[in-house]
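**Student:** Got a structure for you, run_16.cif, holding mmCIF, C-alpha atoms.
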```
data_structure
#
loop_
_atom_site.group_PDB
_atom_site.id
_atom_site.type_symbol
_atom_site.label_atom_id
_atom_site.label_comp_id
_atom_site.auth_asym_id
_atom_site.auth_seq_id
_atom_site.Cartn_x
_atom_site.Cartn_y
_atom_site.Cartn_z
ATOM 1 C CA MET A 1 15.281 10.299 -42.956
ATOM 2 C CA LYS A 2 16.941 7.543 -40.908
ATOM 3 C CA ASN A 3 18.389 10.135 -38.558
ATOM 4 C CA ILE A 4 14.970 11.689 -37.971
ATOM 5 C CA ILE A 5 13.452 8.297 -37.145
ATOM 6 C CA ARG A 6 16.330 7.517 -34.773
ATOM 7 C CA LEU A 7 15.928 10.880 -33.099
ATOM 8 C CA ILE A 8 12.193 10.321 -32.646
ATOM 9 C CA ILE A 9 12.758 6.840 -31.175
ATOM 10 C CA ILE A 10 15.459 8.067 -28.791
ATOM 11 C CA THR A 11 13.244 10.966 -27.713
ATOM 12 C CA MET A 12 10.291 8.628 -27.083
ATOM 13 C CA ILE A 13 12.441 6.252 -25.018
ATOM 14 C CA PHE A 14 13.832 9.144 -22.992
ATOM 15 C CA LEU A 15 10.382 10.636 -22.357
ATOM 16 C CA ASN A 16 8.944 7.262 -21.421
ATOM 17 C CA SER A 17 11.676 6.496 -18.899
ATOM 18 C CA SER A 18 11.660 9.973 -17.353
ATOM 19 C CA CYS A 19 7.873 10.085 -16.950
ATOM 20 C CA LYS A 20 7.611 6.916 -14.858
ATOM 21 C CA SER A 21 6.583 7.751 -11.336
ATOM 22 C CA ILE A 22 9.043 7.216 -8.539
ATOM 23 C CA LYS A 23 7.364 5.650 -5.542
ATOM 24 C CA MET A 24 7.931 7.067 -2.092
ATOM 25 C CA VAL A 25 8.206 3.667 -0.375
ATOM 26 C CA LYS A 26 10.601 1.423 -2.289
ATOM 27 C CA THR A 27 11.213 -1.077 0.551
ATOM 28 C CA THR A 28 9.668 -1.761 3.935
ATOM 29 C CA ASN A 29 12.608 0.201 5.409
ATOM 30 C CA ASP A 30 11.049 3.310 3.846
ATOM 31 C CA MET A 31 7.613 2.809 5.421
ATOM 32 C CA PHE A 32 8.306 5.556 7.987
ATOM 33 C CA LEU A 33 8.215 8.062 5.103
ATOM 34 C CA LEU A 34 4.439 7.630 4.895
ATOM 35 C CA LYS A 35 4.129 8.835 8.488
ATOM 36 C CA GLU A 36 6.649 11.647 7.954
ATOM 37 C CA LYS A 37 4.745 12.864 4.910
ATOM 38 C CA GLU A 38 1.313 12.038 6.311
ATOM 39 C CA SER A 39 -0.033 15.488 5.425
ATOM 40 C CA GLU A 40 0.265 14.598 1.715
ATOM 41 C CA PHE A 41 -2.311 11.839 2.208
ATOM 42 C CA ILE A 42 -4.735 13.243 4.781
ATOM 43 C CA ASN A 43 -8.154 13.987 3.230
ATOM 44 C CA LYS A 44 -7.056 12.227 0.040
ATOM 45 C CA PRO A 45 -8.283 8.881 -1.349
ATOM 46 C CA LEU A 46 -6.601 5.704 -0.119
ATOM 47 C CA LYS A 47 -5.581 4.885 -3.698
ATOM 48 C CA LYS A 48 -3.178 7.862 -3.668
ATOM 49 C CA LEU A 49 -1.357 6.383 -0.682
ATOM 50 C CA LEU A 50 -1.372 2.849 -2.122
ATOM 51 C CA LYS A 51 0.270 4.116 -5.334
ATOM 52 C CA GLU A 52 3.264 5.255 -3.284
ATOM 53 C CA ILE A 53 3.979 1.789 -1.859
ATOM 54 C CA GLU A 54 6.186 -0.485 -3.951
ATOM 55 C CA PRO A 55 6.506 -3.526 -1.626
ATOM 56 C CA LYS A 56 3.589 -5.875 -2.179
ATOM 57 C CA ILE A 57 0.916 -5.725 0.496
ATOM 58 C CA LYS A 58 0.405 -9.409 1.280
ATOM 59 C CA THR A 59 -2.281 -9.158 3.931
ATOM 60 C CA GLY A 60 -4.806 -6.481 4.677
ATOM 61 C CA VAL A 61 -7.832 -6.303 6.943
ATOM 62 C CA GLY A 62 -10.549 -3.684 7.219
ATOM 63 C CA ASN A 63 -11.724 -2.895 10.735
ATOM 64 C CA ASN A 64 -14.615 -0.903 12.199
ATOM 65 C CA GLU A 65 -13.927 -0.855 15.937
ATOM 66 C CA ALA A 66 -15.458 1.653 18.328
ATOM 67 C CA GLY A 67 -15.928 4.313 15.667
ATOM 68 C CA HIS A 68 -12.410 3.924 14.286
ATOM 69 C CA PHE A 69 -12.298 2.775 10.690
ATOM 70 C CA TYR A 70 -8.920 1.518 9.553
ATOM 71 C CA PHE A 71 -6.989 -0.897 7.383
ATOM 72 C CA TYR A 72 -4.171 -2.988 8.781
ATOM 73 C CA PHE A 73 -1.557 -3.911 6.160
ATOM 74 C CA LYS A 74 1.335 -6.381 6.433
ATOM 75 C CA PHE A 75 4.091 -7.118 3.956
ATOM 76 C CA ILE A 76 4.603 -10.765 4.851
ATOM 77 C CA SER A 77 1.998 -13.504 4.548
ATOM 78 C CA LEU A 78 0.055 -14.982 7.445
ATOM 79 C CA GLU A 79 1.980 -18.247 7.045
ATOM 80 C CA GLU A 80 5.300 -16.404 7.273
ATOM 81 C CA ARG A 81 4.121 -14.602 10.418
ATOM 82 C CA LEU A 82 2.918 -17.820 12.068
ATOM 83 C CA LYS A 83 6.253 -19.547 11.353
ATOM 84 C CA ASN A 84 8.175 -16.375 12.283
ATOM 85 C CA LEU A 85 9.825 -16.294 8.848
ATOM 86 C CA GLY A 86 10.994 -13.314 6.847
ATOM 87 C CA LYS A 87 13.282 -10.439 7.612
ATOM 88 C CA TYR A 88 12.635 -8.169 10.574
ATOM 89 C CA ASP A 89 12.246 -5.230 8.187
ATOM 90 C CA ASP A 90 9.320 -6.916 6.439
ATOM 91 C CA LYS A 91 7.404 -7.326 9.707
ATOM 92 C CA VAL A 92 6.397 -3.672 9.713
ATOM 93 C CA SER A 93 2.652 -2.957 10.015
ATOM 94 C CA LEU A 94 0.856 -0.079 8.356
ATOM 95 C CA PHE A 95 -2.410 1.233 9.774
ATOM 96 C CA VAL A 96 -4.414 3.584 7.577
ATOM 97 C CA TYR A 97 -7.442 5.218 9.168
ATOM 98 C CA VAL A 98 -10.321 6.358 6.967
ATOM 99 C CA LYS A 99 -13.384 8.576 7.457
ATOM 100 C CA GLU A 100 -16.102 6.138 6.434
ATOM 101 C CA PRO A 101 -17.004 2.686 7.760
ATOM 102 C CA ILE A 102 -15.346 -0.108 5.802
ATOM 103 C CA ASP A 103 -17.587 -2.629 4.074
ATOM 104 C CA TRP A 104 -15.419 -5.601 5.102
ATOM 105 C CA VAL A 105 -17.528 -8.762 5.308
ATOM 106 C CA TRP A 106 -15.492 -11.763 6.463
ATOM 107 C CA ASP A 107 -18.141 -14.219 5.237
ATOM 108 C CA LYS A 108 -17.845 -12.911 1.670
ATOM 109 C CA ARG A 109 -14.049 -13.281 1.589
ATOM 110 C CA PRO A 110 -12.521 -16.444 0.069
ATOM 111 C CA LYS A 111 -12.267 -19.171 2.734
ATOM 112 C CA GLY A 112 -8.705 -19.521 4.004
ATOM 113 C CA ASN A 113 -7.653 -16.303 2.270
ATOM 114 C CA GLU A 114 -9.760 -13.778 4.167
ATOM 115 C CA GLN A 115 -6.742 -11.593 4.908
ATOM 116 C CA ILE A 116 -5.166 -11.630 1.446
ATOM 117 C CA TRP A 117 -5.106 -8.087 0.016
ATOM 118 C CA THR A 118 -6.061 -8.095 -3.671
ATOM 119 C CA LYS A 119 -6.168 -5.616 -6.537
ATOM 120 C CA GLU A 120 -9.960 -5.817 -6.273
ATOM 121 C CA ASP A 121 -9.743 -4.685 -2.642
ATOM 122 C CA ALA A 122 -7.541 -1.762 -3.637
ATOM 123 C CA LYS A 123 -10.076 -0.793 -6.289
ATOM 124 C CA LYS A 124 -13.115 -1.275 -4.010
ATOM 125 C CA TYR A 125 -11.705 0.731 -1.093
ATOM 126 C CA GLY A 126 -9.504 3.128 -3.064
ATOM 127 C CA ASN A 127 -11.896 6.074 -2.771
ATOM 128 C CA LEU A 128 -12.111 6.002 1.026
ATOM 129 C CA ILE A 129 -10.601 9.164 2.515
ATOM 130 C CA VAL A 130 -7.471 8.831 4.675
ATOM 131 C CA THR A 131 -7.536 10.528 8.086
ATOM 132 C CA ARG A 132 -4.445 9.119 9.795
ATOM 133 C CA ILE A 133 -1.417 6.896 9.175
ATOM 134 C CA LYS A 134 0.384 4.811 11.760
ATOM 135 C CA VAL A 135 3.478 2.645 11.269
ATOM 136 C CA ILE A 136 4.234 -0.076 13.820
ATOM 137 C CA ASN A 137 7.444 -2.085 14.258
ATOM 138 C CA GLN A 138 9.496 0.300 12.181
ATOM 139 C CA PRO A 139 12.696 -1.167 10.804
ATOM 140 C CA LYS A 140 15.773 -0.652 12.967
#
```
Can you dump the structure from the file as structure tokens?

**Tutor:**
Amino acid sequence: MKNIIRLIIITMIFLNSSCKSIKMVKTTNDMFLLKEKESEFINKPLKKLLKEIEPKIKTGVGNNEAGHFYFYFKFISLEERLKNLGKYDDKVSLFVYVKEPIDWVWDKRPKGNEQIWTKEDAKKYGNLIVTRIKVINQPK
């Protein structure tokens, strides 16, 4: 009986560890992989792309300029950028273009933290459809 319980526990641990998803982008050095595998995300919801990014998105802004709807993501905070802190690799920028206009209202964002990307933002905009990915300042 003890052996059966041990076997069940070991099997459950093994299944649990092997079923965890492996993210495509583990560090900001891997950000170029999103552009290389862009076809996996085109015409798919933004949330699919966001699930593949392990580094924390610290700032994000939605933009509706001249018929182009896109998000601009950074992996260092605004304060770090202003003081020129952080590693070069973390200064990469990710632009994700979407089909629909983005309901980004600066006046409704928390004062002083308008550019902070939150879980609520990811949930609110997660169903927007990706049309293009651009990576700027790729790590050397």

**Student:** Do you know which residues the PyMOL selection byres ((chain A and resi 101) around 12) returns on this file, as a VMD selection string?

**Tutor:** chain A and resid 62 to 71 97 to 100 102 to 105 125 128 to 130

**Student:** Taking 4 positions as the minimum chain separation for residues in the same chain, which residues sit within 7 Å of Trp117 in chain A when counting only C-alpha atoms? Answer as a PyMOL selection string.

**Tutor:** chain A and resi 57-60+121

**Student:** Would you save the residues from that selection as a CSV table (one decimal), in the coordinates of the input, using C-alpha atoms?

**Tutor:**
```csv
chain,number,residue,atom,x,y,z
A,57,ILE,CA,0.9,-5.7,0.5
A,58,LYS,CA,0.4,-9.4,1.3
A,59,THR,CA,-2.3,-9.2,3.9
A,60,GLY,CA,-4.8,-6.5,4.7
A,121,ASP,CA,-9.7,-4.7,-2.6
```

**Student:** Rounded to one decimal in Å, what is the spacing between CA of Phe95 in chain A and CA of Glu79 in chain A?

**Tutor:**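 If I compute the distance from CA of Phe95 in chain A to CA of Glu79 in chain A, I get 20.2 Å.
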
**Student:** Just the number, please: distance in Å from CA of Glu54 in chain A to CA of Thr27 in chain A, one decimal.

**Tutor:**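 A separation of 6.8 Å between them.
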
**Student:** Under the rule that all atoms listed in the file are counted, which of A:Met1, A:Ile9, A:Glu114, A:Thr131 is the nearest residue to Glu40 in chain A?

**Tutor:**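 Using all atoms listed in the file, Glu40 in chain A sits closest to A:Thr131.
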
**Student:** From the set A:Asn137, A:Ser77, A:Asn127, A:Asn3, which residue has the shortest atom-to-atom contact distance to Pro45 in chain A, counting only C-alpha atoms?

**Tutor:**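 For Pro45 in chain A, the nearest of the candidates is A:Asn127.
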
**Student:** With distances taken over all atoms listed in the file, which residue among A:Ile133, A:Lys123, A:Trp106, A:Lys91 lies nearest Val61 in chain A?

**Tutor:**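 Among the listed residues, A:Trp106 lies closest to Val61 in chain A.
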
**Student:** Measure the distance from CA of Ala122 in chain A to CA of Lys47 in chain A in Å and round it to one decimal.

**Tutor:**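 Rounded to one decimal, the two atoms are 6.9 Å apart.
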
**Student:** Take the PyMOL selection byres ((chain A and resi 53) around 8), apply it to the structure above, and return the hits as a PDB file with C-alpha atoms, keeping the file's coordinate frame.

**Tutor:**
```pdb
ATOM      1  CA  LYS A  23       7.364   5.650  -5.542  1.00  0.00           C
ATOM      2  CA  MET A  24       7.931   7.067  -2.092  1.00  0.00           C
ATOM      3  CA  VAL A  25       8.206   3.667  -0.375  1.00  0.00           C
ATOM      4  CA  LYS A  26      10.601   1.423  -2.289  1.00  0.00           C
ATOM      5  CA  LEU A  49      -1.357   6.383  -0.682  1.00  0.00           C
ATOM      6  CA  LEU A  50      -1.372   2.849  -2.122  1.00  0.00           C
ATOM      7  CA  LYS A  51       0.270   4.116  -5.334  1.00  0.00           C
ATOM      8  CA  GLU A  52       3.264   5.255  -3.284  1.00  0.00           C
ATOM      9  CA  GLU A  54       6.186  -0.485  -3.951  1.00  0.00           C
ATOM     10  CA  PRO A  55       6.506  -3.526  -1.626  1.00  0.00           C
ATOM     11  CA  LYS A  56       3.589  -5.875  -2.179  1.00  0.00           C
TER      12      LYS A  56
END
```

**Student:** Using all atoms listed in the file, which of the listed residues (A:Thr28, A:Ile4, A:Lys134, A:Glu38) sits closest to Phe75 in chain A?

**Tutor:**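 Ranking A:Thr28, A:Ile4, A:Lys134, A:Glu38 by distance to Phe75 in chain A, first place goes to A:Thr28.
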
**Student:** Nearest to Leu34 in chain A among A:Ile76, A:Val96, A:Asn113, A:Ile10, with distances taken over all atoms listed in the file: which residue is it?

**Tutor:**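 Smallest distance to Leu34 in chain A is found for A:Val96.
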
**Student:** Which one is closest to Val92 in chain A: A:Asn29, A:Gln115, A:Ser39, A:Arg132? Count all atoms listed in the file.

**Tutor:**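 Ranking A:Asn29, A:Gln115, A:Ser39, A:Arg132 by distance to Val92 in chain A, first place goes to A:Asn29.
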
**Student:** Assuming the input is short of atoms at range 21-32 of chain A, produce all heavy atoms for that part as a JSON list (two decimals), in the coordinates of the input.

**Tutor:**
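See out_35.json below for the written result:
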```json
[["chain", "number", "residue", "atom", "x", "y", "z"],
["A", 21, "SER", "N", 6.63, 7.20, -12.68],
["A", 21, "SER", "CA", 6.58, 7.75, -11.34],
["A", 21, "SER", "C", 7.56, 7.02, -10.42],
["A", 21, "SER", "O", 7.76, 5.82, -10.53],
["A", 21, "SER", "CB", 5.17, 7.64, -10.77],
["A", 21, "SER", "OG", 4.82, 6.28, -10.61],
["A", 22, "ILE", "N", 8.14, 7.76, -9.53],
["A", 22, "ILE", "CA", 9.04, 7.22, -8.54],
["A", 22, "ILE", "C", 8.25, 7.10, -7.25],
["A", 22, "ILE", "O", 7.71, 8.09, -6.75],
["A", 22, "ILE", "CB", 10.27, 8.13, -8.35],
["A", 22, "ILE", "CG1", 11.04, 8.23, -9.67],
["A", 22, "ILE", "CG2", 11.15, 7.62, -7.23],
["A", 22, "ILE", "CD1", 12.14, 9.25, -9.67],
["A", 23, "LYS", "N", 8.17, 5.89, -6.74],
["A", 23, "LYS", "CA", 7.36, 5.65, -5.54],
["A", 23, "LYS", "C", 8.12, 6.09, -4.29],
["A", 23, "LYS", "O", 9.32, 5.98, -4.20],
["A", 23, "LYS", "CB", 6.99, 4.18, -5.47],
["A", 23, "LYS", "CG", 6.12, 3.79, -6.66],
["A", 23, "LYS", "CD", 5.59, 2.41, -6.53],
["A", 23, "LYS", "CE", 4.77, 2.12, -7.77],
["A", 23, "LYS", "NZ", 3.74, 1.19, -7.57],
["A", 24, "MET", "N", 7.36, 6.58, -3.34],
["A", 24, "MET", "CA", 7.93, 7.07, -2.09],
["A", 24, "MET", "C", 8.52, 5.91, -1.27],
["A", 24, "MET", "O", 9.60, 6.02, -0.72],
["A", 24, "MET", "CB", 6.84, 7.78, -1.27],
["A", 24, "MET", "CG", 7.33, 8.37, 0.02],
["A", 24, "MET", "SD", 6.00, 9.10, 1.00],
["A", 24, "MET", "CE", 5.38, 10.35, -0.10],
["A", 25, "VAL", "N", 7.79, 4.80, -1.18],
["A", 25, "VAL", "CA", 8.21, 3.67, -0.38],
["A", 25, "VAL", "C", 8.69, 2.56, -1.30],
["A", 25, "VAL", "O", 7.91, 1.84, -1.90],
["A", 25, "VAL", "CB", 7.04, 3.16, 0.50],
["A", 25, "VAL", "CG1", 7.45, 1.95, 1.32],
["A", 25, "VAL", "CG2", 6.53, 4.27, 1.41],
["A", 26, "LYS", "N", 10.01, 2.44, -1.41],
["A", 26, "LYS", "CA", 10.60, 1.42, -2.29],
["A", 26, "LYS", "C", 10.77, 0.09, -1.57],
["A", 26, "LYS", "O", 10.69, -0.96, -2.19],
["A", 26, "LYS", "CB", 11.93, 1.91, -2.82],
["A", 26, "LYS", "CG", 11.80, 3.11, -3.74],
["A", 26, "LYS", "CD", 13.19, 3.59, -4.18],
["A", 26, "LYS", "CE", 13.10, 4.80, -5.06],
["A", 26, "LYS", "NZ", 12.71, 6.02, -4.41],
["A", 27, "THR", "N", 11.07, 0.12, -0.27],
["A", 27, "THR", "CA", 11.21, -1.08, 0.55],
["A", 27, "THR", "C", 10.47, -0.85, 1.86],
["A", 27, "THR", "O", 10.09, 0.28, 2.19],
["A", 27, "THR", "CB", 12.70, -1.39, 0.86],
["A", 27, "THR", "OG1", 13.19, -0.39, 1.74],
["A", 27, "THR", "CG2", 13.55, -1.44, -0.39],
["A", 28, "THR", "N", 10.33, -1.92, 2.64],
["A", 28, "THR", "CA", 9.67, -1.76, 3.94],
["A", 28, "THR", "C", 10.49, -0.88, 4.88],
["A", 28, "THR", "O", 9.93, -0.31, 5.81],
["A", 28, "THR", "CB", 9.41, -3.13, 4.59],
["A", 28, "THR", "OG1", 10.62, -3.88, 4.61],
["A", 28, "THR", "CG2", 8.34, -3.90, 3.83],
["A", 29, "ASN", "N", 11.78, -0.73, 4.61],
["A", 29, "ASN", "CA", 12.61, 0.20, 5.41],
["A", 29, "ASN", "C", 12.14, 1.64, 5.25],
["A", 29, "ASN", "O", 12.40, 2.47, 6.11],
["A", 29, "ASN", "CB", 14.08, 0.11, 4.99],
["A", 29, "ASN", "CG", 14.76, -1.11, 5.53],
["A", 29, "ASN", "OD1", 14.41, -1.61, 6.60],
["A", 29, "ASN", "ND2", 15.72, -1.61, 4.80],
["A", 30, "ASP", "N", 11.49, 1.94, 4.14],
["A", 30, "ASP", "CA", 11.05, 3.31, 3.85],
["A", 30, "ASP", "C", 9.64, 3.61, 4.36],
["A", 30, "ASP", "O", 9.12, 4.70, 4.14],
["A", 30, "ASP", "CB", 11.06, 3.56, 2.33],
["A", 30, "ASP", "CG", 12.42, 3.38, 1.71],
["A", 30, "ASP", "OD1", 13.43, 3.59, 2.41],
["A", 30, "ASP", "OD2", 12.48, 3.02, 0.52],
["A", 31, "MET", "N", 9.01, 2.65, 5.01],
["A", 31, "MET", "CA", 7.61, 2.81, 5.42],
["A", 31, "MET", "C", 7.41, 4.03, 6.30],
["A", 31, "MET", "O", 6.37, 4.69, 6.25],
["A", 31, "MET", "CB", 7.16, 1.54, 6.15],
["A", 31, "MET", "CG", 5.68, 1.32, 6.12],
["A", 31, "MET", "SD", 4.96, 1.18, 4.47],
["A", 31, "MET", "CE", 5.78, -0.25, 3.83],
["A", 32, "PHE", "N", 8.42, 4.39, 7.11],
["A", 32, "PHE", "CA", 8.31, 5.56, 7.99],
["A", 32, "PHE", "C", 8.05, 6.84, 7.20],
["A", 32, "PHE", "O", 7.51, 7.81, 7.73],
["A", 32, "PHE", "CB", 9.57, 5.70, 8.85],
["A", 32, "PHE", "CG", 10.78, 6.12, 8.07],
["A", 32, "PHE", "CD1", 11.11, 7.46, 7.96],
["A", 32, "PHE", "CD2", 11.57, 5.18, 7.40],
["A", 32, "PHE", "CE1", 12.23, 7.85, 7.23],
["A", 32, "PHE", "CE2", 12.67, 5.57, 6.67],
["A", 32, "PHE", "CZ", 13.01, 6.90, 6.58]]
```
